[in-house]
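Q: Below you will find the structure I want to go over with you.
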Amino acid sequence: MARIIAGVATSHIPAVGAAWDNGKTGEPYWQPVFKGFERSKEWIAKMKPDVCIVVYNDHASAFSLEIIPTFAIGCAAEFAIADEGWGPRPVPPVKGYPELASHIVQSVVLDEFDLTIVNKMDVDHGLTVPLTLMFGKPREWPCPVIPISVNVVVYPVPTGNRCYMLGKAIRKAVESFDKDLRVVIFGTGGMSHQLQGPRAGLINREFDTRFLDNLTRDPRALAKISHFEYLRETGSEGIEMVMWLIMRGALDDEVKEVHRFYHVPASNTALGHIILENTRQ
Amino acid sequence: MALPKEYDDLPGTVVFDADQARLGYHLNMFCMSLMKPENRAAFKADERAYLDRWPMTEDQKLSVLKRDWNGMLQVGGNIYFTSKIAATDGLSFQQIAAMMTGSTQEQYAQMMLKGGRSPDGNRSKSEWKNRG
């Protein structure tokens, strides 16, 4: 049986990827950011996941505004790195896991979560920056990745509760897969940030800290946060944090926090990161 | 009946909702076209002529020509798309963020280094009414 053994949440700020790609990780501005992930890299090297499910959002790269799926799953064998206007990031292409991805579709749609199947999808910084932060710069990524893309660009985005419940459905699907696999699920994006308008630059450390605390203490309370509260308290782009709840829903009710990192600013954003392990390994 | 939009009370914020996405479809697709170098070159060579290829409203075209970053959001633009115009102009994301807030890049960068803009005093339009 396949099992979800842990969850990782992290912001996916494009400037972090650019700093990495351009060799700026040692600069005073960026050095603390990358230091916050040193333990994470050691942790994931020890955990040796067989596959990672990465929940992220596309930023006008694969989907534009022609088609806006609320939830989509990448079922391809390989995903190319998107050219976001500056050329593709110099990272390896992302290998998929089509058998497990289609198995998740089979299970989750019948559990009433209508995932859009995507067989061709370039992946942008939303997916590749978390891989860089966790795996560094390997010649190829150490395991296959199943991308799950969530619309958080066009409001209304799916509710936190729906995301949390989707996580539970994904877990059930994984556990009915016939192969012994160790799966780590990523929730990405956030934390508080607003990129647009005269209110740009909004950061809410108190909200973010409470959110990080409640990932272990009371995830159900997080699933009840309204869209308006996200917009008001965490800025118009902070609402990306609903993607963390898919990750959280896929874990045990009781989890152990093994690492946390929070840093302001990374470009326009509060960078948040946490690693949660299921207690039953 | 129109659905109530609680978030219309947020100061300095245009929520890119399904209605805005409908209004801004062609504006945003124009922005998307700038991901190709040949389109960037055509836009730079004659901005007005390039914009006229798109079924955008005159207001939308003028907001682009004037680089009215906040105005673009009002008429249906989304920041992930309008930032592609900024990239074409050689501006960073933080530079246009500073412009949208009416501060210099230096002031904006300093605000971020000091922990960003607090939500206090920035939750409702009524809180912005009496600001200078």
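FYI, nothing fancy with the structure tokens labels: chains A, B, ... in order, residues from 1 per chain, ligands from 1 as they appear.
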Compute the set of chain A residues within 8 Å of chain B, using only C-alpha atoms, and express it as an mmCIF file with C-alpha atoms, in the first residue's frame.
A:
```
data_model
loop_
_atom_site.group_PDB
_atom_site.id
_atom_site.type_symbol
_atom_site.label_atom_id
_atom_site.label_comp_id
_atom_site.auth_asym_id
_atom_site.auth_seq_id
_atom_site.Cartn_x
_atom_site.Cartn_y
_atom_site.Cartn_z
ATOM 1 C CA HIS A 59 0.600 31.898 -12.838
ATOM 2 C CA ALA A 60 -0.636 32.592 -16.355
ATOM 3 C CA SER A 64 -3.803 31.808 -19.217
ATOM 4 C CA LEU A 65 -7.450 32.891 -18.971
ATOM 5 C CA ASP A 83 9.008 30.018 -20.082
ATOM 6 C CA GLU A 84 7.514 32.778 -17.953
ATOM 7 C CA GLY A 85 8.915 35.557 -20.099
ATOM 8 C CA VAL A 153 -5.782 33.628 -9.468
ATOM 9 C CA VAL A 154 -9.444 34.196 -10.367
ATOM 10 C CA TYR A 155 -11.688 34.760 -7.358
ATOM 11 C CA PRO A 156 -13.585 32.870 -5.983
ATOM 12 C CA LEU A 195 1.162 42.254 -4.969
ATOM 13 C CA GLN A 196 -1.266 44.772 -6.392
ATOM 14 C CA GLY A 197 -2.779 48.205 -5.905
ATOM 15 C CA PRO A 198 -2.115 50.938 -3.356
ATOM 16 C CA ARG A 199 -2.294 48.377 -0.526
ATOM 17 C CA ALA A 200 0.583 46.282 -1.959
ATOM 18 C CA GLY A 201 3.174 45.133 0.556
ATOM 19 C CA LEU A 202 0.718 44.005 3.211
ATOM 20 C CA ILE A 203 2.232 41.499 5.650
ATOM 21 C CA ASN A 204 0.500 40.016 8.698
ATOM 22 C CA PHE A 228 -12.935 37.685 3.141
ATOM 23 C CA LEU A 231 -8.259 38.983 1.683
ATOM 24 C CA ARG A 232 -8.533 41.475 4.529
ATOM 25 C CA GLU A 233 -5.926 40.011 6.871
ATOM 26 C CA THR A 234 -3.332 38.505 4.525
ATOM 27 C CA SER A 236 -5.177 39.733 -1.972
ATOM 28 C CA VAL A 264 10.046 38.744 6.014
ATOM 29 C CA PRO A 265 10.643 39.991 3.410
ATOM 30 C CA SER A 267 10.601 40.311 -2.362
ATOM 31 C CA ASN A 268 6.983 41.373 -1.628
#
```
Q: Hey, what does DSSP flag as alpha helix (DSSP H) within chain B? Can you give it to me as a ChimeraX atom specification?
A: /B:18-23,25-33,37-45,47-51,58-65,69-74,79-88,93-101,105-113,125-129
Q: Neighbours of A:Ser176 within 10 Å (only C-alpha atoms; same-chain residues fewer than 6 positions away dropped), as a ChimeraX atom specification?
A: /A:1-3,103-104,107
Q: Store the residues of this selection in a file with C-alpha atoms, as a PDB file, in the first residue's frame.
A:
```
ATOM      1  CA  MET A   1       0.000   0.000   0.000  1.00  0.00           C
ATOM      2  CA  ALA A   2       1.166   3.537  -0.721  1.00  0.00           C
ATOM      3  CA  ARG A   3       1.266   5.883   2.257  1.00  0.00           C
ATOM      4  CA  HIS A 103      -5.449   6.185  -9.904  1.00  0.00           C
ATOM      5  CA  ILE A 104      -6.019   9.358  -7.865  1.00  0.00           C
ATOM      6  CA  SER A 107     -10.776   7.509  -6.739  1.00  0.00           C
TER       7      SER A 107
END
```
Q: Show which residues sit within 10 Å of A:Lys224, as a list in words. Count only C-alpha atoms, and ignore same-chain residues fewer than 5 positions away.
A: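 Counting only the stated atoms, we get Thr159, Gly160, Asn161, Arg162, Tyr164 and Pro219 of chain A.
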Q: Could you check which of A:Val129, A:Ile246, A:Ile239, A:Cys52 is closest to A:Ala15, using only C-alpha atoms?
A: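 Closest candidate: A:Val129.
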Q: As an NGL selection string, please: every residue in stretch 129-202 of chain A that DSSP puts in strand (DSSP E).
A: :A and (145-150 or 182-188)
Q: For the residues in that selection, give me C-alpha atoms as a CSV table (one decimal), in the first residue's frame.
A:
```csv
chain,number,residue,atom,x,y,z
A,145,VAL,CA,6.2,14.5,-9.0
A,146,ILE,CA,2.4,14.6,-9.4
A,147,PRO,CA,1.4,18.3,-9.9
A,148,ILE,CA,-2.0,19.3,-8.6
A,149,SER,CA,-2.9,22.8,-9.8
A,150,VAL,CA,-5.4,25.0,-7.9
A,182,ARG,CA,6.3,6.6,0.5
A,183,VAL,CA,4.6,9.8,-0.5
A,184,VAL,CA,5.3,13.3,0.6
A,185,ILE,CA,2.7,16.0,-0.2
A,186,PHE,CA,3.5,19.6,-0.7
A,187,GLY,CA,1.3,22.6,-0.2
A,188,THR,CA,2.7,25.8,-1.7
```
Q: Give me the residues near A:Ile274 as a ChimeraX atom specification, where near means some atom within 9 Å (using only C-alpha atoms) and where sequence neighbours in that chain fewer than 4 positions away do not count.
A: /A:7-10,40,212,257-262
Q: Point out the residue among A:Val33, A:Ile4, A:Phe177, A:Tyr56 with the least atom-to-atom distance to A:Ser102, counting only C-alpha atoms.
A: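 Under the stated criterion, the closest residue is A:Phe177.
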Q: If I take atom CA of A:Ile275 and atom CA of A:Val109, how far is one from the other in Å, to one decimal?
A: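 Interatomic distance here is 28.1 Å.
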Q: Atom CA of B:Glu38 to atom CA of A:Trp86: how many Å, to one decimal?
A: 13.5 Å
Q: In Å, how far is it from atom CA of B:Gly121 to atom CA of A:Glu229?
A: 15.1 Å
Q: As a PyMOL selection string, please: the residues near A:Arg39 (cut-off 10 Å, only C-alpha atoms, same-chain neighbours under 3 positions excluded).
A: chain A and resi 35-36+42-45+134+258-260
Q: Any chance you could export the current selection's C-alpha atoms as a CSV table (one decimal), in the first residue's frame?
A:
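again39.csv, freshly written:
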```csv
chain,number,residue,atom,x,y,z
A,35,LYS,CA,19.6,29.0,5.4
A,36,GLY,CA,16.0,28.3,6.6
A,42,GLU,CA,18.7,17.1,5.1
A,43,TRP,CA,15.3,15.9,6.3
A,44,ILE,CA,13.9,15.1,2.8
A,45,ALA,CA,17.2,13.3,1.8
A,134,MET,CA,13.8,21.2,-0.9
A,258,VAL,CA,9.6,18.9,12.7
A,259,HIS,CA,10.7,22.2,11.2
A,260,ARG,CA,9.4,25.7,10.8
```
Q: Taking only C-alpha atoms into account, name the residue in B:Leu27, B:Ala2, B:Thr104, B:Ala86 that is nearest to B:Leu62.
A: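 The answer is B:Leu27, which sits nearest to B:Leu62.
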